[in-house]
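Structure data (mmCIF, C-alpha atoms (C1' of nucleotides)) from model-v1.cif:
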data_protein
loop_
_atom_site.label_atom_id
_atom_site.label_comp_id
_atom_site.auth_asym_id
_atom_site.auth_seq_id
_atom_site.Cartn_x
_atom_site.Cartn_y
_atom_site.Cartn_z
CA MET A 24 45.08 20.19 -6.30
CA ASN A 25 43.98 18.51 -9.46
CA ALA A 26 40.45 19.50 -10.45
CA ALA A 27 39.87 16.18 -12.19
CA GLN A 28 40.29 14.33 -8.88
CA THR A 29 37.86 16.51 -6.95
CA PRO A 30 34.53 14.74 -6.57
CA LEU A 31 32.00 16.50 -8.71
CA PRO A 32 29.15 18.19 -6.87
CA VAL A 33 25.60 16.95 -7.36
CA ILE A 34 22.40 17.81 -5.60
CA VAL A 35 19.78 15.16 -4.93
CA ILE A 36 16.16 15.96 -4.19
CA ALA A 37 14.29 12.91 -2.93
CA GLY A 38 10.96 12.38 -1.16
CA ALA A 39 7.65 10.66 -1.58
CA THR A 40 5.44 11.14 -4.59
CA GLY A 41 3.49 14.37 -4.59
CA THR A 42 5.69 16.24 -2.11
CA GLY A 43 6.80 18.85 -4.65
CA LYS A 44 10.19 17.54 -5.72
CA SER A 45 9.85 18.82 -9.27
CA ALA A 46 9.04 22.35 -8.17
CA ALA A 47 11.91 22.32 -5.68
CA ALA A 48 14.29 21.05 -8.35
CA LEU A 49 13.17 23.77 -10.71
CA ALA A 50 13.74 26.44 -8.08
CA ALA A 51 17.17 25.07 -7.23
CA ALA A 52 18.17 24.68 -10.87
CA SER A 53 17.09 28.22 -11.68
CA ALA A 54 19.06 29.58 -8.73
CA VAL A 55 22.34 27.73 -9.26
CA GLY A 56 22.36 27.15 -13.00
CA GLY A 57 21.48 23.49 -12.84
CA THR A 58 20.24 20.66 -15.01
CA VAL A 59 17.39 18.61 -13.60
CA ILE A 60 18.07 14.90 -14.04
CA ASN A 61 15.28 12.41 -13.49
CA ALA A 62 15.66 9.75 -10.77
CA ASP A 63 12.26 8.19 -11.14
CA SER A 64 11.55 4.82 -12.68
CA ARG A 65 8.22 5.88 -14.22
CA GLN A 66 8.86 9.35 -15.54
CA VAL A 67 11.07 7.76 -18.18
CA TYR A 68 8.08 6.60 -20.23
CA ALA A 69 7.20 8.70 -23.24
CA ASP A 70 3.61 7.46 -23.31
CA PHE A 71 2.69 8.72 -19.84
CA PRO A 72 3.84 12.31 -19.25
CA ILE A 73 0.64 13.29 -17.43
CA ILE A 74 0.03 10.14 -15.42
CA THR A 75 3.61 9.93 -14.17
CA ALA A 76 3.71 13.67 -13.42
CA GLN A 77 6.62 14.55 -15.68
CA PRO A 78 7.64 18.21 -15.84
CA ALA A 79 5.63 20.25 -18.32
CA ASP A 80 7.17 21.70 -21.48
CA GLU A 81 7.04 25.15 -19.93
CA GLU A 82 9.22 23.93 -17.08
CA LYS A 83 11.60 22.12 -19.38
CA ASN A 84 12.02 25.31 -21.37
CA ARG A 85 13.08 27.25 -18.31
CA VAL A 86 15.81 24.85 -17.25
CA PRO A 87 17.48 21.88 -19.00
CA HIS A 88 15.91 18.52 -18.03
CA ALA A 89 17.35 15.07 -18.73
CA LEU A 90 16.12 11.46 -18.73
CA TYR A 91 12.42 12.22 -18.91
CA GLY A 92 10.01 10.51 -21.30
CA PHE A 93 12.54 8.75 -23.50
CA LEU A 94 11.43 5.12 -23.19
CA ARG A 95 8.71 3.27 -25.08
CA CYS A 96 6.02 1.40 -23.20
CA ALA A 97 7.33 -2.05 -24.11
CA GLU A 98 10.88 -1.23 -23.04
CA LYS A 99 12.27 -1.99 -19.62
CA LEU A 100 14.69 0.03 -17.56
CA SER A 101 16.71 -1.37 -14.67
CA ALA A 102 18.65 0.09 -11.78
CA GLY A 103 21.93 -0.72 -13.51
CA LYS A 104 20.92 0.81 -16.82
CA TYR A 105 19.58 3.84 -15.04
CA ALA A 106 22.83 4.36 -13.16
CA ALA A 107 24.79 4.30 -16.42
CA LEU A 108 22.42 6.76 -18.10
CA ALA A 109 22.47 9.05 -15.10
CA ARG A 110 26.28 9.03 -14.96
CA ASP A 111 26.32 10.18 -18.58
CA ALA A 112 23.73 12.85 -17.90
CA ILE A 113 25.73 14.11 -14.91
CA ALA A 114 28.91 14.22 -16.99
CA ALA A 115 27.09 16.14 -19.71
CA ALA A 116 25.81 18.67 -17.19
CA HIS A 117 29.26 19.21 -15.74
CA ALA A 118 30.69 19.57 -19.23
CA ALA A 119 28.14 22.32 -19.81
CA SER A 120 29.12 23.91 -16.49
CA ARG A 121 25.74 23.18 -14.97
CA VAL A 122 25.01 21.66 -11.58
CA PRO A 123 23.32 18.25 -11.84
CA ILE A 124 20.16 18.16 -9.75
CA LEU A 125 18.89 14.60 -9.45
CA THR A 126 15.22 14.50 -8.67
CA GLY A 127 12.98 11.54 -8.07
CA GLY A 128 11.50 9.05 -5.70
CA THR A 129 13.07 5.79 -6.80
CA GLY A 130 15.38 5.04 -3.89
CA LEU A 131 16.95 2.01 -5.54
CA TYR A 132 17.98 4.06 -8.56
CA LEU A 133 19.57 6.71 -6.39
CA ASN A 134 21.43 4.04 -4.43
CA ALA A 135 22.61 2.38 -7.63
CA LEU A 136 23.89 5.68 -8.94
CA LEU A 137 25.47 7.12 -5.80
CA GLY A 138 26.50 3.96 -3.96
CA GLY A 139 27.23 1.79 -6.97
CA ILE A 140 25.65 -1.50 -7.91
CA ALA A 141 27.06 -5.01 -8.32
CA ALA A 142 28.54 -5.65 -11.76
CA ILE A 143 26.22 -8.52 -12.69
CA PRO A 144 26.21 -9.36 -16.41
CA PRO A 145 22.85 -8.91 -18.09
CA VAL A 146 20.51 -11.90 -17.88
CA PRO A 147 18.95 -12.97 -21.20
CA GLU A 148 15.32 -11.98 -21.24
CA ALA A 149 14.13 -15.44 -22.31
CA LEU A 150 15.75 -16.97 -19.25
CA SER A 151 14.25 -14.41 -16.97
CA LYS A 152 10.81 -14.95 -18.51
CA ALA A 153 11.12 -18.72 -18.10
CA TRP A 154 11.68 -18.42 -14.34
CA GLN A 155 8.81 -15.99 -14.02
CA GLU A 156 6.50 -18.39 -15.85
CA ARG A 157 7.59 -21.21 -13.66
CA CYS A 158 7.03 -19.11 -10.57
CA LYS A 159 3.53 -18.30 -11.75
CA ALA A 160 2.80 -21.96 -12.39
CA GLU A 161 4.38 -23.52 -9.31
CA GLY A 162 4.28 -20.66 -6.83
CA PRO A 163 7.12 -18.84 -5.08
CA ARG A 164 7.45 -21.43 -2.32
CA ALA A 165 8.32 -24.18 -4.77
CA LEU A 166 10.99 -21.99 -6.34
CA HIS A 167 12.27 -20.99 -2.93
CA ALA A 168 12.85 -24.70 -2.30
CA VAL A 169 14.80 -24.92 -5.57
CA LEU A 170 16.86 -21.92 -4.53
CA ARG A 171 17.53 -23.44 -1.11
CA ASP A 172 19.02 -26.38 -2.93
CA ARG A 173 21.16 -24.44 -5.42
CA ASP A 174 21.97 -21.19 -3.61
CA PRO A 175 21.27 -21.62 0.10
CA ARG A 176 22.79 -18.28 1.03
CA SER A 177 20.36 -16.32 -1.12
CA ALA A 178 17.47 -18.53 -0.05
CA ALA A 179 18.20 -17.82 3.61
CA LYS A 180 17.89 -14.10 2.96
CA LEU A 181 14.64 -14.27 1.04
CA HIS A 182 11.12 -14.85 2.29
CA PRO A 183 9.50 -17.85 0.55
CA ASN A 184 6.74 -15.59 -0.78
CA ASP A 185 9.04 -13.03 -2.34
CA SER A 186 8.52 -14.18 -5.92
CA GLN A 187 10.39 -11.35 -7.54
CA ARG A 188 13.64 -11.70 -5.62
CA ILE A 189 13.54 -15.50 -5.75
CA THR A 190 13.27 -15.53 -9.54
CA ARG A 191 16.00 -12.90 -9.74
CA ALA A 192 18.37 -15.04 -7.66
CA LEU A 193 17.60 -18.09 -9.80
CA GLU A 194 18.06 -16.34 -13.11
CA VAL A 195 21.36 -14.77 -12.08
CA LEU A 196 22.62 -18.13 -10.89
CA GLU A 197 21.67 -19.81 -14.15
CA ALA A 198 22.87 -17.01 -16.41
CA THR A 199 26.23 -16.41 -14.73
CA GLY A 200 26.96 -19.73 -13.08
CA LYS A 201 27.55 -17.87 -9.82
CA PRO A 202 25.19 -17.14 -6.94
CA LEU A 203 23.97 -13.61 -6.31
CA GLY A 204 26.08 -13.34 -3.18
CA TYR A 205 29.25 -13.79 -5.22
CA TRP A 206 28.39 -10.71 -7.26
CA HIS A 207 27.24 -8.71 -4.29
CA ASP A 208 30.53 -9.39 -2.47
CA LEU A 209 32.58 -7.94 -5.30
CA PRO A 210 33.69 -4.35 -4.73
CA ARG A 211 31.41 -2.03 -6.59
CA PRO A 212 32.57 1.19 -8.18
CA ALA A 213 31.48 4.03 -5.93
CA GLY A 214 29.92 7.11 -7.44
CA ALA A 215 32.64 9.77 -7.51
CA TYR A 216 30.27 12.53 -6.57
CA ASP A 217 30.11 15.02 -3.77
CA ALA A 218 26.38 14.70 -3.17
CA LEU A 219 24.06 16.86 -1.13
CA GLY A 220 21.00 14.73 -0.39
CA ILE A 221 17.78 16.52 0.40
CA CYS A 222 14.52 14.83 1.30
CA LEU A 223 11.21 16.65 1.21
CA ASP A 224 9.02 15.50 4.08
CA VAL A 225 5.23 15.54 4.20
CA SER A 226 3.28 13.27 6.54
CA LEU A 227 1.02 10.68 4.93
CA GLY A 228 -1.99 12.31 6.53
CA GLU A 229 -1.22 15.61 4.86
CA LEU A 230 -0.18 14.00 1.62
CA THR A 231 -3.30 11.89 1.02
CA PRO A 232 -5.74 14.69 0.16
CA ARG A 233 -3.08 16.21 -2.09
CA LEU A 234 -2.68 12.91 -3.92
CA GLN A 235 -6.42 12.76 -4.46
CA THR A 236 -6.44 16.27 -5.84
CA ARG A 237 -3.54 15.40 -8.09
CA ILE A 238 -5.38 12.43 -9.57
CA GLU A 239 -8.36 14.65 -10.37
CA ALA A 240 -6.01 17.19 -11.91
CA MET A 241 -4.37 14.50 -14.04
CA ILE A 242 -7.75 13.38 -15.31
CA GLU A 243 -8.64 16.99 -15.99
CA ALA A 244 -5.38 17.35 -17.91
CA GLY A 245 -6.20 14.41 -20.17
CA ALA A 246 -4.98 11.28 -18.39
CA LEU A 247 -7.69 9.16 -20.02
CA ARG A 248 -6.81 10.41 -23.47
CA GLU A 249 -3.16 9.74 -22.76
CA ALA A 250 -3.87 6.18 -21.61
CA LEU A 251 -6.16 5.53 -24.55
CA ALA A 252 -3.45 6.58 -27.00
CA ALA A 253 -0.94 4.37 -25.19
CA LEU A 254 -3.40 1.49 -25.33
CA GLU A 255 -3.46 1.72 -29.12
CA ARG A 256 0.31 1.72 -29.35
CA CYS A 257 0.86 -0.93 -26.71
CA PRO A 258 -2.18 -2.97 -25.67
CA ASP A 259 -0.33 -5.51 -23.51
CA PRO A 260 -1.07 -4.77 -19.83
CA ASP A 261 2.05 -6.70 -18.84
CA ALA A 262 4.33 -4.34 -20.78
CA PRO A 263 6.77 -2.60 -18.43
CA GLY A 264 5.32 0.86 -19.05
CA TRP A 265 1.86 -0.16 -17.91
CA SER A 266 2.99 -1.21 -14.45
CA GLY A 267 3.03 2.36 -13.19
CA ILE A 268 0.41 3.47 -10.68
CA GLY A 269 -2.44 5.12 -12.51
CA CYS A 270 -1.43 3.47 -15.78
CA ALA A 271 -2.45 0.00 -14.62
CA GLU A 272 -5.72 1.24 -13.13
CA LEU A 273 -6.58 3.21 -16.27
CA HIS A 274 -5.76 0.21 -18.45
CA ALA A 275 -8.29 -1.84 -16.49
CA HIS A 276 -10.87 0.91 -16.79
CA LEU A 277 -10.38 1.52 -20.50
CA THR A 278 -10.61 -2.18 -21.30
CA GLY A 279 -13.93 -2.35 -19.47
CA LYS A 280 -12.80 -4.18 -16.36
CA THR A 281 -13.62 -1.44 -13.84
CA ASP A 282 -15.75 1.69 -13.74
CA LEU A 283 -14.13 5.07 -13.37
CA ASP A 284 -14.89 5.46 -9.66
CA THR A 285 -13.27 2.13 -8.87
CA CYS A 286 -10.35 3.08 -11.05
CA LYS A 287 -9.83 6.35 -9.21
CA ALA A 288 -10.24 4.76 -5.78
CA ARG A 289 -7.58 2.14 -6.56
CA TRP A 290 -5.33 4.69 -8.14
CA LEU A 291 -5.40 6.74 -4.94
CA GLN A 292 -4.99 3.72 -2.69
CA HIS A 293 -1.98 2.46 -4.63
CA THR A 294 -0.41 5.90 -4.77
CA ARG A 295 -0.80 6.20 -1.02
CA ASP A 296 0.67 2.73 -0.44
CA TYR A 297 3.60 3.72 -2.58
CA ALA A 298 4.16 7.03 -0.80
CA LYS A 299 4.24 5.14 2.50
CA ARG A 300 6.94 2.80 1.18
CA GLN A 301 8.97 5.75 -0.04
CA ILE A 302 8.71 7.47 3.33
CA THR A 303 9.98 4.27 4.97
CA TRP A 304 12.85 4.06 2.47
CA PHE A 305 14.07 7.63 2.89
CA ARG A 306 13.53 7.69 6.64
CA ARG A 307 16.36 5.28 7.29
CA ASP A 308 18.89 7.27 5.24
CA ASN A 309 20.41 9.60 7.81
CA SER A 310 22.71 11.28 5.31
CA LEU A 311 19.70 13.20 4.01
CA LEU A 312 18.89 16.75 4.93
CA HIS A 313 15.17 16.80 5.68
CA LEU A 314 13.20 19.87 4.63
CA VAL A 315 9.56 20.80 4.38
CA PRO A 316 8.54 21.42 0.76
CA ASP A 317 7.77 25.13 1.21
CA ASP A 318 11.19 25.92 2.61
CA THR A 319 12.67 27.29 -0.61
CA ASP A 320 15.03 29.57 1.31
CA GLY A 321 16.40 26.62 3.27
CA LEU A 322 16.75 24.63 0.08
CA LEU A 323 18.62 27.36 -1.78
CA ALA A 324 20.85 28.10 1.20
CA ALA A 325 21.79 24.43 1.50
CA CYS A 326 22.58 24.28 -2.22
CA ALA A 327 24.72 27.43 -2.07
CA ARG A 328 26.63 26.09 0.93
CA HIS A 329 27.24 22.78 -0.79
CA LEU A 330 28.55 24.47 -3.92
CA GLY A 331 30.79 26.76 -1.86
CA ARG A 332 29.05 29.90 -3.02
"C1'" G B 19 -48.46 1.34 13.46
"C1'" C B 20 -47.72 -4.08 12.14
"C1'" C B 21 -44.46 -8.09 10.16
"C1'" A B 22 -39.57 -9.75 8.93
"C1'" G B 23 -34.23 -9.25 8.93
"C1'" G B 24 -30.31 -6.70 11.16
"C1'" G B 25 -27.16 -3.62 15.03
"C1'" U B 26 -19.89 -7.43 16.78
"C1'" A B 27 -12.66 -3.97 15.06
"C1'" G B 28 -12.06 2.38 11.13
"C1'" C B 29 -15.30 -0.50 6.95
"C1'" U B 30 -17.79 -5.27 5.17
"C1'" C B 31 -19.08 -9.33 7.79
"C1'" A B 32 -18.22 -14.34 10.41
"C1'" G B 33 -18.78 -16.64 15.18
"C1'" U B 34 -19.74 -18.19 20.19
"C1'" U B 35 -25.12 -25.49 21.20
"C1'" G B 36 -23.94 -19.50 27.57
"C1'" G B 37 -17.21 -19.76 29.73
"C1'" U B 38 -16.00 -11.89 27.30
"C1'" A B 39 -14.52 -13.08 19.92
"C1'" G B 40 -11.91 -13.52 14.27
"C1'" A B 41 -11.46 -13.03 8.76
"C1'" G B 42 -10.97 -9.80 4.53
"C1'" C B 43 -10.13 -4.80 3.49
"C1'" G B 44 -8.16 -0.40 5.69
"C1'" A B 45 -4.51 1.60 9.09
"C1'" U B 46 0.44 1.48 11.31
"C1'" G B 47 5.58 -0.23 11.41
"C1'" G B 48 9.40 -2.66 8.58
"C1'" A B 49 12.51 -4.92 4.61
"C1'" C B 50 14.65 -3.61 0.02
"C1'" U B 51 21.68 -4.72 -4.63
"C1'" G B 52 19.43 -4.65 -11.94
"C1'" A B 53 10.76 -5.45 -12.82
"C1'" A B 54 11.53 -0.99 -7.43
"C1'" A B 55 5.20 3.43 -8.96
"C1'" A B 56 7.95 -3.50 -8.25
"C1'" U B 57 8.10 -7.44 -4.57
"C1'" C B 58 7.54 -9.00 0.31
"C1'" C B 59 7.05 -9.22 5.94
"C1'" A B 60 4.94 -8.00 10.88
"C1'" U B 61 0.97 -5.95 14.05
"C1'" G B 62 -6.18 -7.37 15.86
"C1'" U B 63 -9.41 -5.29 23.50
"C1'" G B 64 -13.49 -4.25 20.46
"C1'" U B 65 -18.68 -0.88 26.60
"C1'" C B 66 -20.22 -7.82 20.64
"C1'" G B 67 -26.64 -1.04 20.32
"C1'" G B 68 -28.72 0.79 25.76
"C1'" C B 69 -31.01 -0.81 30.30
"C1'" G B 70 -32.98 -4.67 33.24
"C1'" G B 71 -33.77 -10.16 34.20
"C1'" U B 72 -32.39 -15.53 34.45
"C1'" U B 73 -27.56 -17.88 35.59
"C1'" C B 74 -21.75 -19.52 39.23
"C1'" A B 75 -21.09 -17.01 34.40
"C1'" A B 76 -24.66 -13.33 29.12
"C1'" U B 77 -22.09 -10.72 23.28
"C1'" C B 78 -25.21 -15.42 22.98
"C1'" C B 79 -31.33 -16.97 26.47
"C1'" C B 80 -35.75 -13.72 28.23
"C1'" G B 81 -38.02 -8.69 28.72
"C1'" U B 82 -37.85 -3.77 27.29
"C1'" C B 83 -36.14 0.55 24.79
"C1'" C B 84 -33.33 2.90 20.74
"C1'" C B 85 -31.45 2.78 15.68
"C1'" C B 86 -30.99 0.75 10.43
"C1'" U B 87 -33.04 -2.05 6.05
"C1'" G B 88 -37.08 -4.27 3.45
"C1'" G B 89 -42.35 -5.49 3.14
"C1'" C B 90 -47.50 -4.37 4.62
"C1'" A B 91 -50.53 -0.43 6.07
#
With the file now loaded, output its structure as structure tokens.
Amino acid sequence: MNAAQTPLPVIVIAGATGTGKSAAALAAASAVGGTVINADSRQVYADFPIITAQPADEEKNRVPHALYGFLRCAEKLSAGKYAALARDAIAAAHAASRVPILTGGTGLYLNALLGGIAAIPPVPEALSKAWQERCKAEGPRALHAVLRDRDPRSAAKLHPNDSQRITRALEVLEATGKPLGYWHDLPRPAGAYDALGICLDVSLGELTPRLQTRIEAMIEAGALREALAALERCPDPDAPGWSGIGCAELHAHLTGKTDLDTCKARWLQHTRDYAKRQITWFRRDNSLLHLVPDDTDGLLAACARHLGR
RNA sequence: GCCAGGGUAGCUCAGUUGGUAGAGCGAUGGACUGAAAAUCCAUGUGUCGGCGGUUCAAUCCCGUCCCCUGGCA
């Protein structure tokens, strides 16, 4: 048996925001000699370590961490770029004889990494912007009509209000000369990993008070100072980094649009909405092993079994 | 105590010239192939404050009681 052909083992720890993924990853990484690799679309931003709940320095010193806080506020990540970065990080971990432990709540990123993603060439940013502007001006329904004309198959799949996916379909069509469906039909390179997927489950009812406490703790830890510093470096609220929950609400507060109570109330509401969407996303994936966050023994046992130890 | 305005969905309120009611928000469920902490979809029975009366029929009109808000004492 050739070792190079054996799928490389990885451990994935998913779950909604605030369920304790980072702590679980740290415990698992300490136990098996792992590297924690970020699978979260927001924890990549260097300007928002507190607000996006990135691991603290103390935690990073205990175990190697990768793909946290490396992106500037004005820079944009995508599922495809993430998958490429994560593949490199996984390879680096294996090269260092460490077990990659992917941790994060961005389901699309995990799918792109583990299940592969269509090989669509990059769309020039100017083109993408142009469609977004037009969507803003004319409304998604008008663009849906355009799409129905040029790419009926994509149009049939998309709701006329879904501005984001409609503009995406249009920009891909214009940039590549081929409809989205063409690209999606192409075989996509599967992730050559032997993955153990774990999902930490907490009901929304239990999670909500914890999320509220976490927001207070973030403010205590200097979230406002962090946002203020980011505001100086990158004032544009439409910059990709500002779209994170908490960031957007703090931007509005710090630029005098809302008072702090309103800011905190919206922050909590949006975090809760998000957690609900994540729960929906991970619920349908029946390859996941579902654990309660406190079950460290169960977590470590599952990891050991997966690694054949 | 008097005057006025209110009491309708979890919340804020609309409405019914008398035929048992609907918006927004919330909540719940769902979708998700390169912005995904994004984007989008679906779901509305509630003693219409209590009790009496008028009426074929009352959440709506009348009486009475309770509660809230403001003003006057």
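Using all atoms listed in the file, the chain A residues found within 6 Å of chain B amount to Ser101, Ala102, Gly103, Asp185, Gln187, Gly267 and Ile268 of chain A.
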Excluding segment 43-57 of chain A and any residue of its chain fewer than 6 positions from it, enumerate the residues within 9 Å of it, using all atoms listed in the file, and give them as number ranges by chain.
A: 35-37, 77-78, 82-83, 85-87, 116, 120-128, 222-223, 316-317, 319, 322-323, 326-327, 330
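The interatomic distance for the pair atom CA of Pro72 of chain A and atom CA of Arg295 of chain A works out to 19.8 Å.
In this model, the gap between atom CA of Ile189 of chain A and atom CA of Glu98 of chain A comes to 22.6 Å.
The coordinates place atom CA of Leu314 of chain A at 15.3 Å from atom CA of Leu227 of chain A.
The environment of C84 of chain B within 12 Å, counting only C-alpha atoms (C1' of nucleotides) and disregarding residues fewer than 5 places along the same chain, consists of G25, G67, G68 and C69 of chain B.
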Ground truth for the PyMOL selection byres ((chain A and resi 198) around 10), written as a ChimeraX atom specification:
/A:143-147,150-151,193-197,199-202
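All residues of protein, DNA or RNA that reach within 9 Å of U34 of chain B, judged by only C-alpha atoms (C1' of nucleotides) and not counting those fewer than 3 positions away in the chain, are A39, U77 and C78 of chain B.
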The PyMOL selection byres ((chain A and resi 132) around 7) on the file shown: which residues, as a ChimeraX atom specification?
/A:62,102,105-106,129-131,133-136
Quick one: write out the picked residues with C-alpha atoms as a PDB file, keeping the file's coordinate frame?
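out30.pdb written:
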ATOM      1  CA  ALA A  62      15.660   9.750 -10.770  1.00  0.00           C
ATOM      2  CA  ALA A 102      18.650   0.090 -11.780  1.00  0.00           C
ATOM      3  CA  TYR A 105      19.580   3.840 -15.040  1.00  0.00           C
ATOM      4  CA  ALA A 106      22.830   4.360 -13.160  1.00  0.00           C
ATOM      5  CA  THR A 129      13.070   5.790  -6.800  1.00  0.00           C
ATOM      6  CA  GLY A 130      15.380   5.040  -3.890  1.00  0.00           C
ATOM      7  CA  LEU A 131      16.950   2.010  -5.540  1.00  0.00           C
ATOM      8  CA  LEU A 133      19.570   6.710  -6.390  1.00  0.00           C
ATOM      9  CA  ASN A 134      21.430   4.040  -4.430  1.00  0.00           C
ATOM     10  CA  ALA A 135      22.610   2.380  -7.630  1.00  0.00           C
ATOM     11  CA  LEU A 136      23.890   5.680  -8.940  1.00  0.00           C
TER      12      LEU A 136
END
Shell around Thr190 of chain A at 10 Å using all atoms listed in the file, local window under 4 positions removed, as a VMD selection string:
chain A and resid 151 to 158 163 166 to 167 170 185 to 186 194 to 196
Evaluate the PyMOL selection byres ((chain B and resi 91) around 12) against this structure - the residues, as a ChimeraX atom specification, please.
/B:19-21,89-90
Export C-alpha atoms (C1' of nucleotides) of the chosen residues as a PDB file, in the coordinates of the input?
ATOM      1  C1'   G B  19     -48.460   1.340  13.460  1.00  0.00           C
ATOM      2  C1'   C B  20     -47.720  -4.080  12.140  1.00  0.00           C
ATOM      3  C1'   C B  21     -44.460  -8.090  10.160  1.00  0.00           C
ATOM      4  C1'   G B  89     -42.350  -5.490   3.140  1.00  0.00           C
ATOM      5  C1'   C B  90     -47.500  -4.370   4.620  1.00  0.00           C
TER       6        C B  90
END
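Among the candidates B:A45, B:A32, B:A75, B:A27, the one nearest to G62 of chain B when counting only C-alpha atoms (C1' of nucleotides) is B:A27.
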Nearby residues (only C-alpha atoms (C1' of nucleotides)) at most 12 Å from Gln292 of chain A, same-chain spacing under 6 positions excluded, as a count of residues only:
17
